[in-house]
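Enquirer: Quick one: the structure is below, questions incoming.
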Amino acid sequence: MTAYSLGPLLYEGKAKRVYATDQPDLVAVEFKDEATAFNAEKRASLAGKGERNCRISALVFEWLEARGVSTHYLGVEGDRWMLVRPVKVVPIEVVVRNVAAGSLCRQLPIAPGTPLDPPLLDLYYKDDALGDPLLTEARLERLQLVSSGQLQAISELAMAVNRGLRELFGSVDLELVDFKIELGFAADGRLLLADEISPDTCRLWDRRISDQSDRIMDKDRFRQDLGGVVEAYGEVLKRVQGVCPQPRVYR
Ligand code: 5GP
């Protein structure tokens, strides 16, 4: 028995569908098996990816909530559905980097694998058509996307998420290289962590493996055609499940 019924599709993204429900303060998110990379130029369907990402995200949200991070998460239902609070999404992709990788190394003379201490915070304007361009402080001010107080809150939340994630993944021998989060404002004005946190949105390296390709446990396996994408996501889930309670079922 569920305590809600599904309403119309509100939004379909690359990895998720978001549905209204019969309750104004509740939306349902379905995690899809589709994988995309390079601004959706590369696409595939990977059976089981949605289910793994839904489970990992649920456990991560609960872990972070227990450490004082406010999220949109309310619970899971079935294998690939998550119930969340509706938010007004901030059109900024917030990336935190602990180790240099990916676009940072393509854009700056920093060798892949270089530790970044303190972690680097990069903000991007969330717009696929524009290729999610990097934001500067001046560009942020020009676009007036957020106030300076909200920007401060976003930075603090991103760093709190980074601390929580490093603690979680570190405890299961996964190095958190970098990650992207999305944030939103709830109806009561609270800034909440939204979207998902999964191997689609984080770089994770297996500390038990030294080979630089074999240790990749995230979407870079798909981006770089390394194979074993769903298997790697499954291993991340297995390890995280080992240190987290079962996710709460939404009722
Ligand atoms: P990069 O800047 O190297 O492309 O990405 C940095 C981190 O943020 C990586 O963990 C990457 O997976 C994540 N990330 C950045 N942009 C996106 C995006 O548009 N979608 C997803 N799923 N992850 C992203």
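Chain labels run A, B, ... following the order of the structure tokens; each chain numbers its residues from 1, and ligands are numbered from 1 in the order shown.
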When the cut-off is 10 Å and you count only C-alpha atoms and all ligand atoms, which residues lie near ligand 1, shown as an mmCIF file with all heavy atoms, in the first residue's frame?

Expert:
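As written to disk, result38.cif reads:
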```
data_model
loop_
_atom_site.group_PDB
_atom_site.id
_atom_site.type_symbol
_atom_site.label_atom_id
_atom_site.label_comp_id
_atom_site.auth_asym_id
_atom_site.auth_seq_id
_atom_site.Cartn_x
_atom_site.Cartn_y
_atom_site.Cartn_z
ATOM 1 N N LYS A 14 18.229 13.045 -18.533
ATOM 2 C CA LYS A 14 19.005 11.998 -19.194
ATOM 3 C C LYS A 14 18.973 10.697 -18.395
ATOM 4 O O LYS A 14 18.988 9.621 -18.958
ATOM 5 C CB LYS A 14 20.446 12.488 -19.392
ATOM 6 C CG LYS A 14 20.532 13.514 -20.526
ATOM 7 C CD LYS A 14 21.888 14.158 -20.639
ATOM 8 C CE LYS A 14 22.021 15.280 -19.642
ATOM 9 N NZ LYS A 14 23.192 16.137 -19.819
ATOM 10 N N ALA A 15 18.900 10.804 -17.062
ATOM 11 C CA ALA A 15 18.985 9.596 -16.233
ATOM 12 C C ALA A 15 17.754 9.374 -15.347
ATOM 13 O O ALA A 15 17.687 8.357 -14.662
ATOM 14 C CB ALA A 15 20.241 9.662 -15.359
ATOM 15 N N ALA A 35 22.405 5.678 -20.015
ATOM 16 C CA ALA A 35 23.646 6.370 -19.664
ATOM 17 C C ALA A 35 23.984 7.318 -20.805
ATOM 18 O O ALA A 35 23.823 6.975 -21.981
ATOM 19 C CB ALA A 35 24.774 5.359 -19.492
ATOM 20 N N THR A 36 24.400 8.537 -20.439
ATOM 21 C CA THR A 36 24.836 9.479 -21.467
ATOM 22 C C THR A 36 26.146 10.104 -21.010
ATOM 23 O O THR A 36 26.443 10.149 -19.813
ATOM 24 C CB THR A 36 23.815 10.620 -21.703
ATOM 25 O OG1 THR A 36 23.697 11.377 -20.490
ATOM 26 C CG2 THR A 36 22.459 10.105 -22.121
ATOM 27 N N ALA A 37 26.914 10.569 -21.971
ATOM 28 C CA ALA A 37 28.157 11.280 -21.646
ATOM 29 C C ALA A 37 28.441 12.276 -22.759
ATOM 30 O O ALA A 37 27.835 12.203 -23.832
ATOM 31 C CB ALA A 37 29.312 10.301 -21.507
ATOM 32 N N PHE A 38 29.364 13.186 -22.476
ATOM 33 C CA PHE A 38 29.765 14.211 -23.442
ATOM 34 C C PHE A 38 28.542 14.962 -23.970
ATOM 35 O O PHE A 38 28.282 14.998 -25.177
ATOM 36 C CB PHE A 38 30.586 13.594 -24.591
ATOM 37 C CG PHE A 38 31.678 12.676 -24.098
ATOM 38 C CD1 PHE A 38 31.733 11.343 -24.484
ATOM 39 C CD2 PHE A 38 32.636 13.145 -23.205
ATOM 40 C CE1 PHE A 38 32.717 10.496 -24.003
ATOM 41 C CE2 PHE A 38 33.626 12.298 -22.717
ATOM 42 C CZ PHE A 38 33.669 10.977 -23.109
ATOM 43 N N ASN A 39 27.773 15.504 -23.004
ATOM 44 C CA ASN A 39 26.577 16.273 -23.320
ATOM 45 C C ASN A 39 25.625 15.477 -24.214
ATOM 46 O O ASN A 39 25.084 15.990 -25.190
ATOM 47 C CB ASN A 39 26.966 17.617 -23.966
ATOM 48 C CG ASN A 39 25.938 18.695 -23.682
ATOM 49 O OD1 ASN A 39 24.933 18.448 -23.008
ATOM 50 N ND2 ASN A 39 26.166 19.870 -24.208
ATOM 51 N N ALA A 40 25.446 14.199 -23.854
ATOM 52 C CA ALA A 40 24.505 13.273 -24.504
ATOM 53 C C ALA A 40 24.903 12.875 -25.918
ATOM 54 O O ALA A 40 24.119 12.294 -26.660
ATOM 55 C CB ALA A 40 23.081 13.811 -24.464
ATOM 56 N N GLU A 93 25.541 23.870 -11.424
ATOM 57 C CA GLU A 93 26.117 22.569 -11.081
ATOM 58 C C GLU A 93 27.325 22.835 -10.193
ATOM 59 O O GLU A 93 28.224 23.594 -10.558
ATOM 60 C CB GLU A 93 26.530 21.820 -12.342
ATOM 61 C CG GLU A 93 25.321 21.457 -13.184
ATOM 62 C CD GLU A 93 25.597 20.400 -14.235
ATOM 63 O OE1 GLU A 93 26.778 20.129 -14.539
ATOM 64 O OE2 GLU A 93 24.613 19.848 -14.755
ATOM 65 N N VAL A 94 27.297 22.245 -9.024
ATOM 66 C CA VAL A 94 28.341 22.494 -8.027
ATOM 67 C C VAL A 94 29.281 21.291 -8.026
ATOM 68 O O VAL A 94 28.849 20.162 -7.750
ATOM 69 C CB VAL A 94 27.712 22.691 -6.629
ATOM 70 C CG1 VAL A 94 28.783 22.941 -5.586
ATOM 71 C CG2 VAL A 94 26.694 23.830 -6.661
ATOM 72 N N VAL A 95 30.540 21.519 -8.366
ATOM 73 C CA VAL A 95 31.521 20.430 -8.420
ATOM 74 C C VAL A 95 32.568 20.652 -7.336
ATOM 75 O O VAL A 95 33.088 21.756 -7.180
ATOM 76 C CB VAL A 95 32.186 20.357 -9.819
ATOM 77 C CG1 VAL A 95 33.367 19.378 -9.820
ATOM 78 C CG2 VAL A 95 31.157 19.944 -10.873
ATOM 79 N N VAL A 96 32.842 19.600 -6.568
ATOM 80 C CA VAL A 96 33.908 19.645 -5.567
ATOM 81 C C VAL A 96 34.967 18.640 -6.000
ATOM 82 O O VAL A 96 34.643 17.507 -6.362
ATOM 83 C CB VAL A 96 33.388 19.303 -4.152
ATOM 84 C CG1 VAL A 96 34.532 19.342 -3.138
ATOM 85 C CG2 VAL A 96 32.284 20.264 -3.735
ATOM 86 N N ARG A 97 36.226 19.081 -5.978
ATOM 87 C CA ARG A 97 37.329 18.231 -6.445
ATOM 88 C C ARG A 97 38.347 18.034 -5.325
ATOM 89 O O ARG A 97 38.894 19.024 -4.812
ATOM 90 C CB ARG A 97 38.033 18.893 -7.641
ATOM 91 C CG ARG A 97 37.109 19.176 -8.807
ATOM 92 C CD ARG A 97 37.835 19.960 -9.908
ATOM 93 N NE ARG A 97 36.904 20.439 -10.919
ATOM 94 C CZ ARG A 97 36.490 19.724 -11.955
ATOM 95 N NH1 ARG A 97 36.940 18.504 -12.132
ATOM 96 N NH2 ARG A 97 35.642 20.238 -12.833
ATOM 97 N N ALA A 100 42.802 15.941 -8.732
ATOM 98 C CA ALA A 100 42.638 16.464 -10.092
ATOM 99 C C ALA A 100 42.296 15.335 -11.062
ATOM 100 O O ALA A 100 42.944 14.281 -11.064
ATOM 101 C CB ALA A 100 43.918 17.160 -10.528
ATOM 102 N N ALA A 101 41.286 15.562 -11.889
ATOM 103 C CA ALA A 101 40.863 14.584 -12.910
ATOM 104 C C ALA A 101 39.948 15.310 -13.889
ATOM 105 O O ALA A 101 39.559 16.458 -13.662
ATOM 106 C CB ALA A 101 40.117 13.408 -12.262
ATOM 107 N N GLY A 102 39.615 14.627 -14.974
ATOM 108 C CA GLY A 102 38.582 15.105 -15.885
ATOM 109 C C GLY A 102 38.858 16.465 -16.482
ATOM 110 O O GLY A 102 39.982 16.772 -16.892
ATOM 111 N N SER A 103 37.824 17.294 -16.504
ATOM 112 C CA SER A 103 37.914 18.577 -17.218
ATOM 113 C C SER A 103 38.978 19.491 -16.621
ATOM 114 O O SER A 103 39.591 20.287 -17.336
ATOM 115 C CB SER A 103 36.555 19.275 -17.225
ATOM 116 O OG SER A 103 36.220 19.743 -15.931
ATOM 117 N N LEU A 104 39.219 19.365 -15.314
ATOM 118 C CA LEU A 104 40.234 20.227 -14.682
ATOM 119 C C LEU A 104 41.599 20.026 -15.355
ATOM 120 O O LEU A 104 42.313 20.992 -15.633
ATOM 121 C CB LEU A 104 40.328 19.906 -13.191
ATOM 122 C CG LEU A 104 41.307 20.762 -12.400
ATOM 123 C CD1 LEU A 104 40.787 22.189 -12.267
ATOM 124 C CD2 LEU A 104 41.554 20.176 -11.012
ATOM 125 N N CYS A 105 41.917 18.758 -15.635
ATOM 126 C CA CYS A 105 43.228 18.442 -16.219
ATOM 127 C C CYS A 105 43.272 18.740 -17.713
ATOM 128 O O CYS A 105 44.352 18.907 -18.284
ATOM 129 C CB CYS A 105 43.581 16.981 -15.960
ATOM 130 S SG CYS A 105 43.596 16.592 -14.211
ATOM 131 N N ARG A 106 42.095 18.803 -18.342
ATOM 132 C CA ARG A 106 42.075 19.196 -19.755
ATOM 133 C C ARG A 106 42.213 20.702 -19.901
ATOM 134 O O ARG A 106 42.728 21.198 -20.892
ATOM 135 C CB ARG A 106 40.770 18.737 -20.428
ATOM 136 C CG ARG A 106 40.658 17.225 -20.589
ATOM 137 C CD ARG A 106 39.542 16.836 -21.555
ATOM 138 N NE ARG A 106 38.223 17.250 -21.113
ATOM 139 C CZ ARG A 106 37.453 16.545 -20.281
ATOM 140 N NH1 ARG A 106 37.891 15.396 -19.806
ATOM 141 N NH2 ARG A 106 36.273 16.995 -19.927
ATOM 142 N N GLN A 107 41.758 21.441 -18.871
ATOM 143 C CA GLN A 107 41.703 22.900 -19.003
ATOM 144 C C GLN A 107 42.875 23.617 -18.359
ATOM 145 O O GLN A 107 43.135 24.777 -18.670
ATOM 146 C CB GLN A 107 40.388 23.412 -18.388
ATOM 147 C CG GLN A 107 39.173 22.962 -19.178
ATOM 148 C CD GLN A 107 37.860 23.176 -18.439
ATOM 149 O OE1 GLN A 107 37.848 23.639 -17.299
ATOM 150 N NE2 GLN A 107 36.770 22.824 -19.086
ATOM 151 N N ASP A 122 34.123 24.267 -7.961
ATOM 152 C CA ASP A 122 33.871 24.858 -9.275
ATOM 153 C C ASP A 122 32.366 24.924 -9.506
ATOM 154 O O ASP A 122 31.663 23.930 -9.289
ATOM 155 C CB ASP A 122 34.481 23.993 -10.390
ATOM 156 C CG ASP A 122 35.986 24.167 -10.530
ATOM 157 O OD1 ASP A 122 36.500 25.241 -10.173
ATOM 158 O OD2 ASP A 122 36.627 23.214 -11.016
ATOM 159 N N LEU A 123 31.896 26.069 -9.958
ATOM 160 C CA LEU A 123 30.468 26.228 -10.255
ATOM 161 C C LEU A 123 30.275 26.374 -11.763
ATOM 162 O O LEU A 123 31.046 27.075 -12.426
ATOM 163 C CB LEU A 123 29.912 27.477 -9.553
ATOM 164 C CG LEU A 123 30.127 27.568 -8.037
ATOM 165 C CD1 LEU A 123 29.490 28.838 -7.497
ATOM 166 C CD2 LEU A 123 29.548 26.351 -7.330
ATOM 167 N N TYR A 124 29.259 25.690 -12.276
ATOM 168 C CA TYR A 124 28.961 25.727 -13.709
ATOM 169 C C TYR A 124 27.509 26.140 -13.904
ATOM 170 O O TYR A 124 26.635 25.738 -13.119
ATOM 171 C CB TYR A 124 29.169 24.344 -14.338
ATOM 172 C CG TYR A 124 30.595 23.840 -14.227
ATOM 173 C CD1 TYR A 124 31.033 23.180 -13.073
ATOM 174 C CD2 TYR A 124 31.519 24.059 -15.252
ATOM 175 C CE1 TYR A 124 32.340 22.738 -12.952
ATOM 176 C CE2 TYR A 124 32.833 23.620 -15.134
ATOM 177 C CZ TYR A 124 33.227 22.962 -13.984
ATOM 178 O OH TYR A 124 34.535 22.536 -13.860
ATOM 179 N N LYS A 126 24.113 25.618 -15.345
ATOM 180 C CA LYS A 126 23.452 24.384 -15.790
ATOM 181 C C LYS A 126 22.636 24.663 -17.041
ATOM 182 O O LYS A 126 21.516 25.156 -16.963
ATOM 183 C CB LYS A 126 22.554 23.882 -14.649
ATOM 184 C CG LYS A 126 21.884 22.556 -14.888
ATOM 185 C CD LYS A 126 21.133 22.156 -13.624
ATOM 186 C CE LYS A 126 20.028 21.171 -13.896
ATOM 187 N NZ LYS A 126 20.458 19.938 -14.515
ATOM 188 N N ASP A 127 23.230 24.400 -18.186
ATOM 189 C CA ASP A 127 22.545 24.616 -19.458
ATOM 190 C C ASP A 127 23.233 23.759 -20.524
ATOM 191 O O ASP A 127 24.320 24.112 -21.008
ATOM 192 C CB ASP A 127 22.600 26.104 -19.836
ATOM 193 C CG ASP A 127 21.738 26.409 -21.046
ATOM 194 O OD1 ASP A 127 21.715 25.597 -21.988
ATOM 195 O OD2 ASP A 127 21.081 27.466 -21.054
ATOM 196 N N ASP A 128 22.571 22.627 -20.854
ATOM 197 C CA ASP A 128 23.173 21.694 -21.820
ATOM 198 C C ASP A 128 23.483 22.375 -23.146
ATOM 199 O O ASP A 128 24.512 22.113 -23.753
ATOM 200 C CB ASP A 128 22.235 20.504 -22.062
ATOM 201 C CG ASP A 128 22.278 19.516 -20.903
ATOM 202 O OD1 ASP A 128 23.244 19.580 -20.109
ATOM 203 O OD2 ASP A 128 21.357 18.697 -20.796
ATOM 204 N N GLY A 131 26.589 23.943 -22.986
ATOM 205 C CA GLY A 131 27.685 23.065 -22.556
ATOM 206 C C GLY A 131 28.101 23.286 -21.108
ATOM 207 O O GLY A 131 29.279 23.088 -20.767
ATOM 208 N N ASP A 132 27.172 23.701 -20.256
ATOM 209 C CA ASP A 132 27.445 23.915 -18.818
ATOM 210 C C ASP A 132 28.732 24.728 -18.586
ATOM 211 O O ASP A 132 29.714 24.210 -18.023
ATOM 212 C CB ASP A 132 27.559 22.565 -18.075
ATOM 213 C CG ASP A 132 26.274 21.761 -18.100
ATOM 214 O OD1 ASP A 132 25.206 22.343 -18.345
ATOM 215 O OD2 ASP A 132 26.356 20.540 -17.873
ATOM 216 N N LEU A 134 31.708 27.174 -17.205
ATOM 217 C CA LEU A 134 32.242 27.525 -15.885
ATOM 218 C C LEU A 134 31.797 28.935 -15.523
ATOM 219 O O LEU A 134 31.820 29.845 -16.357
ATOM 220 C CB LEU A 134 33.775 27.450 -15.937
ATOM 221 C CG LEU A 134 34.541 27.681 -14.639
ATOM 222 C CD1 LEU A 134 34.253 26.579 -13.625
ATOM 223 C CD2 LEU A 134 36.035 27.748 -14.908
ATOM 224 N N LEU A 176 37.167 9.353 -3.012
ATOM 225 C CA LEU A 176 36.262 10.317 -3.662
ATOM 226 C C LEU A 176 37.126 11.363 -4.366
ATOM 227 O O LEU A 176 37.680 12.260 -3.729
ATOM 228 C CB LEU A 176 35.351 10.981 -2.622
ATOM 229 C CG LEU A 176 34.389 12.016 -3.189
ATOM 230 C CD1 LEU A 176 33.366 11.391 -4.138
ATOM 231 C CD2 LEU A 176 33.672 12.755 -2.055
ATOM 232 N N VAL A 177 37.229 11.214 -5.676
ATOM 233 C CA VAL A 177 38.073 12.111 -6.480
ATOM 234 C C VAL A 177 37.378 13.453 -6.656
ATOM 235 O O VAL A 177 37.940 14.514 -6.356
ATOM 236 C CB VAL A 177 38.377 11.443 -7.842
ATOM 237 C CG1 VAL A 177 39.109 12.396 -8.772
ATOM 238 C CG2 VAL A 177 39.167 10.164 -7.626
ATOM 239 N N ASP A 178 36.134 13.391 -7.140
ATOM 240 C CA ASP A 178 35.343 14.619 -7.311
ATOM 241 C C ASP A 178 33.872 14.232 -7.423
ATOM 242 O O ASP A 178 33.533 13.051 -7.509
ATOM 243 C CB ASP A 178 35.809 15.442 -8.531
ATOM 244 C CG ASP A 178 35.781 14.658 -9.832
ATOM 245 O OD1 ASP A 178 34.972 13.717 -9.952
ATOM 246 O OD2 ASP A 178 36.561 14.980 -10.748
ATOM 247 N N PHE A 179 33.007 15.220 -7.416
ATOM 248 C CA PHE A 179 31.578 14.944 -7.592
ATOM 249 C C PHE A 179 30.852 16.218 -7.981
ATOM 250 O O PHE A 179 31.362 17.329 -7.782
ATOM 251 C CB PHE A 179 30.968 14.348 -6.313
ATOM 252 C CG PHE A 179 30.972 15.279 -5.114
ATOM 253 C CD1 PHE A 179 29.914 16.140 -4.880
ATOM 254 C CD2 PHE A 179 32.045 15.290 -4.235
ATOM 255 C CE1 PHE A 179 29.922 17.000 -3.778
ATOM 256 C CE2 PHE A 179 32.065 16.142 -3.139
ATOM 257 C CZ PHE A 179 31.003 16.996 -2.912
ATOM 258 N N LYS A 180 29.645 15.990 -8.529
ATOM 259 C CA LYS A 180 28.768 17.123 -8.897
ATOM 260 C C LYS A 180 27.472 16.993 -8.101
ATOM 261 O O LYS A 180 26.920 15.894 -8.004
ATOM 262 C CB LYS A 180 28.468 17.037 -10.397
ATOM 263 C CG LYS A 180 27.620 18.146 -10.952
ATOM 264 C CD LYS A 180 26.159 17.860 -11.141
ATOM 265 C CE LYS A 180 25.762 16.645 -11.897
ATOM 266 N NZ LYS A 180 24.287 16.510 -12.092
ATOM 267 N N ILE A 181 27.027 18.096 -7.529
ATOM 268 C CA ILE A 181 25.715 18.076 -6.876
ATOM 269 C C ILE A 181 24.840 19.176 -7.457
ATOM 270 O O ILE A 181 25.337 20.143 -8.048
ATOM 271 C CB ILE A 181 25.803 18.251 -5.335
ATOM 272 C CG1 ILE A 181 26.638 19.462 -4.951
ATOM 273 C CG2 ILE A 181 26.303 16.980 -4.678
ATOM 274 C CD1 ILE A 181 26.619 19.777 -3.451
ATOM 275 N N GLU A 182 23.530 18.983 -7.243
ATOM 276 C CA GLU A 182 22.573 20.028 -7.604
ATOM 277 C C GLU A 182 21.785 20.369 -6.356
ATOM 278 O O GLU A 182 21.549 19.515 -5.496
ATOM 279 C CB GLU A 182 21.680 19.553 -8.740
ATOM 280 C CG GLU A 182 22.543 19.285 -9.967
ATOM 281 C CD GLU A 182 21.770 19.056 -11.244
ATOM 282 O OE1 GLU A 182 20.579 19.427 -11.306
ATOM 283 O OE2 GLU A 182 22.367 18.514 -12.176
ATOM 284 N N ASP A 195 18.619 16.203 -6.650
ATOM 285 C CA ASP A 195 19.122 15.322 -7.714
ATOM 286 C C ASP A 195 19.558 13.971 -7.145
ATOM 287 O O ASP A 195 18.796 13.338 -6.426
ATOM 288 C CB ASP A 195 20.240 16.031 -8.467
ATOM 289 C CG ASP A 195 20.588 15.367 -9.784
ATOM 290 O OD1 ASP A 195 19.665 15.027 -10.533
ATOM 291 O OD2 ASP A 195 21.790 15.175 -10.063
ATOM 292 N N GLU A 196 20.756 13.518 -7.461
ATOM 293 C CA GLU A 196 21.233 12.210 -7.011
ATOM 294 C C GLU A 196 22.711 12.288 -6.670
ATOM 295 O O GLU A 196 23.402 13.221 -7.101
ATOM 296 C CB GLU A 196 21.039 11.165 -8.124
ATOM 297 C CG GLU A 196 21.939 11.388 -9.327
ATOM 298 C CD GLU A 196 21.825 10.274 -10.374
ATOM 299 O OE1 GLU A 196 22.341 9.167 -10.154
ATOM 300 O OE2 GLU A 196 21.221 10.544 -11.434
ATOM 301 N N ILE A 197 23.178 11.329 -5.889
ATOM 302 C CA ILE A 197 24.619 11.177 -5.668
ATOM 303 C C ILE A 197 24.917 9.706 -5.910
ATOM 304 O O ILE A 197 24.444 8.835 -5.177
ATOM 305 C CB ILE A 197 25.031 11.610 -4.248
ATOM 306 C CG1 ILE A 197 24.726 13.101 -4.070
ATOM 307 C CG2 ILE A 197 26.524 11.330 -4.032
ATOM 308 C CD1 ILE A 197 25.264 13.713 -2.813
ATOM 309 N N SER A 198 25.656 9.439 -6.979
ATOM 310 C CA SER A 198 25.855 8.060 -7.423
ATOM 311 C C SER A 198 27.144 8.010 -8.245
ATOM 312 O O SER A 198 27.750 9.050 -8.498
ATOM 313 C CB SER A 198 24.661 7.653 -8.296
ATOM 314 O OG SER A 198 24.761 8.315 -9.549
ATOM 315 N N PRO A 199 27.523 6.834 -8.720
ATOM 316 C CA PRO A 199 28.717 6.789 -9.592
ATOM 317 C C PRO A 199 28.514 7.514 -10.922
ATOM 318 O O PRO A 199 29.470 7.723 -11.656
ATOM 319 C CB PRO A 199 28.929 5.279 -9.808
ATOM 320 C CG PRO A 199 28.288 4.638 -8.633
ATOM 321 C CD PRO A 199 27.080 5.475 -8.331
ATOM 322 N N ASP A 200 27.273 7.914 -11.233
ATOM 323 C CA ASP A 200 27.055 8.782 -12.397
ATOM 324 C C ASP A 200 27.548 10.202 -12.122
ATOM 325 O O ASP A 200 27.855 10.949 -13.057
ATOM 326 C CB ASP A 200 25.553 8.879 -12.722
ATOM 327 C CG ASP A 200 25.126 7.866 -13.774
ATOM 328 O OD1 ASP A 200 25.945 7.011 -14.153
ATOM 329 O OD2 ASP A 200 23.953 7.939 -14.214
ATOM 330 N N THR A 201 27.566 10.596 -10.862
ATOM 331 C CA THR A 201 27.858 11.998 -10.530
ATOM 332 C C THR A 201 29.129 12.166 -9.691
ATOM 333 O O THR A 201 29.484 13.296 -9.348
ATOM 334 C CB THR A 201 26.677 12.627 -9.755
ATOM 335 O OG1 THR A 201 26.494 11.909 -8.529
ATOM 336 C CG2 THR A 201 25.393 12.608 -10.560
ATOM 337 N N CYS A 202 29.766 11.055 -9.342
ATOM 338 C CA CYS A 202 31.012 11.101 -8.546
ATOM 339 C C CYS A 202 32.111 10.352 -9.292
ATOM 340 O O CYS A 202 31.824 9.368 -9.969
ATOM 341 C CB CYS A 202 30.860 10.341 -7.223
ATOM 342 S SG CYS A 202 29.571 10.900 -6.139
ATOM 343 N N ARG A 203 33.345 10.774 -9.121
ATOM 344 C CA ARG A 203 34.469 9.898 -9.509
ATOM 345 C C ARG A 203 34.925 9.161 -8.258
ATOM 346 O O ARG A 203 35.216 9.799 -7.236
ATOM 347 C CB ARG A 203 35.640 10.698 -10.080
ATOM 348 C CG ARG A 203 35.446 11.133 -11.492
ATOM 349 C CD ARG A 203 36.753 11.558 -12.185
ATOM 350 N NE ARG A 203 36.478 11.813 -13.583
ATOM 351 C CZ ARG A 203 36.143 13.014 -14.071
ATOM 352 N NH1 ARG A 203 36.086 14.072 -13.283
ATOM 353 N NH2 ARG A 203 35.873 13.162 -15.356
ATOM 354 N N LEU A 204 35.001 7.836 -8.368
ATOM 355 C CA LEU A 204 35.401 6.994 -7.239
ATOM 356 C C LEU A 204 36.484 6.041 -7.708
ATOM 357 O O LEU A 204 36.302 5.343 -8.716
ATOM 358 C CB LEU A 204 34.192 6.191 -6.739
ATOM 359 C CG LEU A 204 33.028 7.008 -6.177
ATOM 360 C CD1 LEU A 204 31.764 6.150 -6.067
ATOM 361 C CD2 LEU A 204 33.400 7.580 -4.808
ATOM 362 N N ASP A 218 33.258 4.355 -11.548
ATOM 363 C CA ASP A 218 32.231 5.368 -11.808
ATOM 364 C C ASP A 218 31.975 5.491 -13.299
ATOM 365 O O ASP A 218 32.451 4.679 -14.085
ATOM 366 C CB ASP A 218 32.703 6.705 -11.218
ATOM 367 C CG ASP A 218 34.059 7.065 -11.792
ATOM 368 O OD1 ASP A 218 34.126 7.412 -12.978
ATOM 369 O OD2 ASP A 218 35.081 6.967 -11.061
ATOM 370 N N LYS A 219 31.281 6.577 -13.661
ATOM 371 C CA LYS A 219 30.859 6.768 -15.049
ATOM 372 C C LYS A 219 32.029 6.921 -16.019
ATOM 373 O O LYS A 219 31.841 6.790 -17.232
ATOM 374 C CB LYS A 219 29.950 8.000 -15.116
ATOM 375 C CG LYS A 219 29.135 8.106 -16.366
ATOM 376 C CD LYS A 219 28.114 9.213 -16.165
ATOM 377 C CE LYS A 219 27.542 9.718 -17.433
ATOM 378 N NZ LYS A 219 26.629 10.842 -17.142
ATOM 379 N N ASP A 220 33.224 7.161 -15.540
ATOM 380 C CA ASP A 220 34.385 7.192 -16.435
ATOM 381 C C ASP A 220 34.562 5.840 -17.132
ATOM 382 O O ASP A 220 35.138 5.783 -18.218
ATOM 383 C CB ASP A 220 35.671 7.570 -15.677
ATOM 384 C CG ASP A 220 35.851 9.089 -15.569
ATOM 385 O OD1 ASP A 220 35.074 9.836 -16.210
ATOM 386 O OD2 ASP A 220 36.764 9.519 -14.841
ATOM 387 N N ARG A 223 32.440 6.544 -20.027
ATOM 388 C CA ARG A 223 33.038 7.598 -20.868
ATOM 389 C C ARG A 223 34.249 7.064 -21.633
ATOM 390 O O ARG A 223 34.468 7.394 -22.785
ATOM 391 C CB ARG A 223 33.493 8.785 -20.006
ATOM 392 C CG ARG A 223 32.367 9.536 -19.302
ATOM 393 C CD ARG A 223 32.920 10.787 -18.604
ATOM 394 N NE ARG A 223 31.911 11.469 -17.827
ATOM 395 C CZ ARG A 223 31.822 11.392 -16.492
ATOM 396 N NH1 ARG A 223 32.687 10.673 -15.788
ATOM 397 N NH2 ARG A 223 30.872 12.043 -15.849
#
```

Enquirer: Can you list, as a short mmCIF file (atom, residue, chain, number, x, y, z; two decimals) with N, CA, C and O atoms, in the first residue's frame, all residues belonging to range 98-140 of chain A that DSSP tags as strand (DSSP E or B)?

Expert:
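Output contents, as saved in selection32.cif:
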```
data_model
loop_
_atom_site.label_atom_id
_atom_site.label_comp_id
_atom_site.auth_asym_id
_atom_site.auth_seq_id
_atom_site.Cartn_x
_atom_site.Cartn_y
_atom_site.Cartn_z
N ASN A 98 38.60 16.77 -4.98
CA ASN A 98 39.64 16.43 -3.99
C ASN A 98 40.94 16.01 -4.66
O ASN A 98 42.01 16.09 -4.06
N VAL A 99 40.81 15.50 -5.87
CA VAL A 99 41.96 15.02 -6.65
C VAL A 99 41.73 15.49 -8.07
O VAL A 99 40.59 15.44 -8.58
N PRO A 115 46.67 15.66 -5.65
CA PRO A 115 45.73 15.97 -4.56
C PRO A 115 45.43 17.46 -4.51
O PRO A 115 46.32 18.29 -4.74
N LEU A 116 44.19 17.80 -4.20
CA LEU A 116 43.78 19.20 -4.12
C LEU A 116 43.37 19.47 -2.67
O LEU A 116 42.33 19.00 -2.22
N ASP A 117 44.21 20.17 -1.95
CA ASP A 117 43.95 20.42 -0.53
C ASP A 117 44.28 21.88 -0.25
O ASP A 117 45.44 22.27 -0.32
N PRO A 118 43.28 22.71 0.03
CA PRO A 118 41.87 22.39 0.23
C PRO A 118 41.19 21.99 -1.08
O PRO A 118 41.68 22.33 -2.16
N PRO A 119 40.05 21.31 -0.96
CA PRO A 119 39.32 20.90 -2.17
C PRO A 119 38.94 22.12 -3.01
O PRO A 119 38.73 23.21 -2.48
N LEU A 120 38.85 21.88 -4.31
CA LEU A 120 38.50 22.96 -5.23
C LEU A 120 36.99 22.95 -5.47
O LEU A 120 36.42 21.89 -5.73
N LEU A 121 36.39 24.11 -5.41
CA LEU A 121 34.95 24.24 -5.67
C LEU A 121 34.77 24.95 -7.01
O LEU A 121 35.24 26.07 -7.18
N ASP A 122 34.12 24.27 -7.96
CA ASP A 122 33.87 24.86 -9.27
C ASP A 122 32.37 24.92 -9.51
O ASP A 122 31.66 23.93 -9.29
N LEU A 123 31.90 26.07 -9.96
CA LEU A 123 30.47 26.23 -10.25
C LEU A 123 30.28 26.37 -11.76
O LEU A 123 31.05 27.07 -12.43
N TYR A 124 29.26 25.69 -12.28
CA TYR A 124 28.96 25.73 -13.71
C TYR A 124 27.51 26.14 -13.90
O TYR A 124 26.64 25.74 -13.12
N TYR A 125 27.28 26.90 -14.97
CA TYR A 125 25.90 27.27 -15.31
C TYR A 125 25.23 26.07 -15.96
O TYR A 125 25.72 25.54 -16.96
N LEU A 134 31.71 27.17 -17.20
CA LEU A 134 32.24 27.53 -15.89
C LEU A 134 31.80 28.94 -15.52
O LEU A 134 31.82 29.85 -16.36
#
```
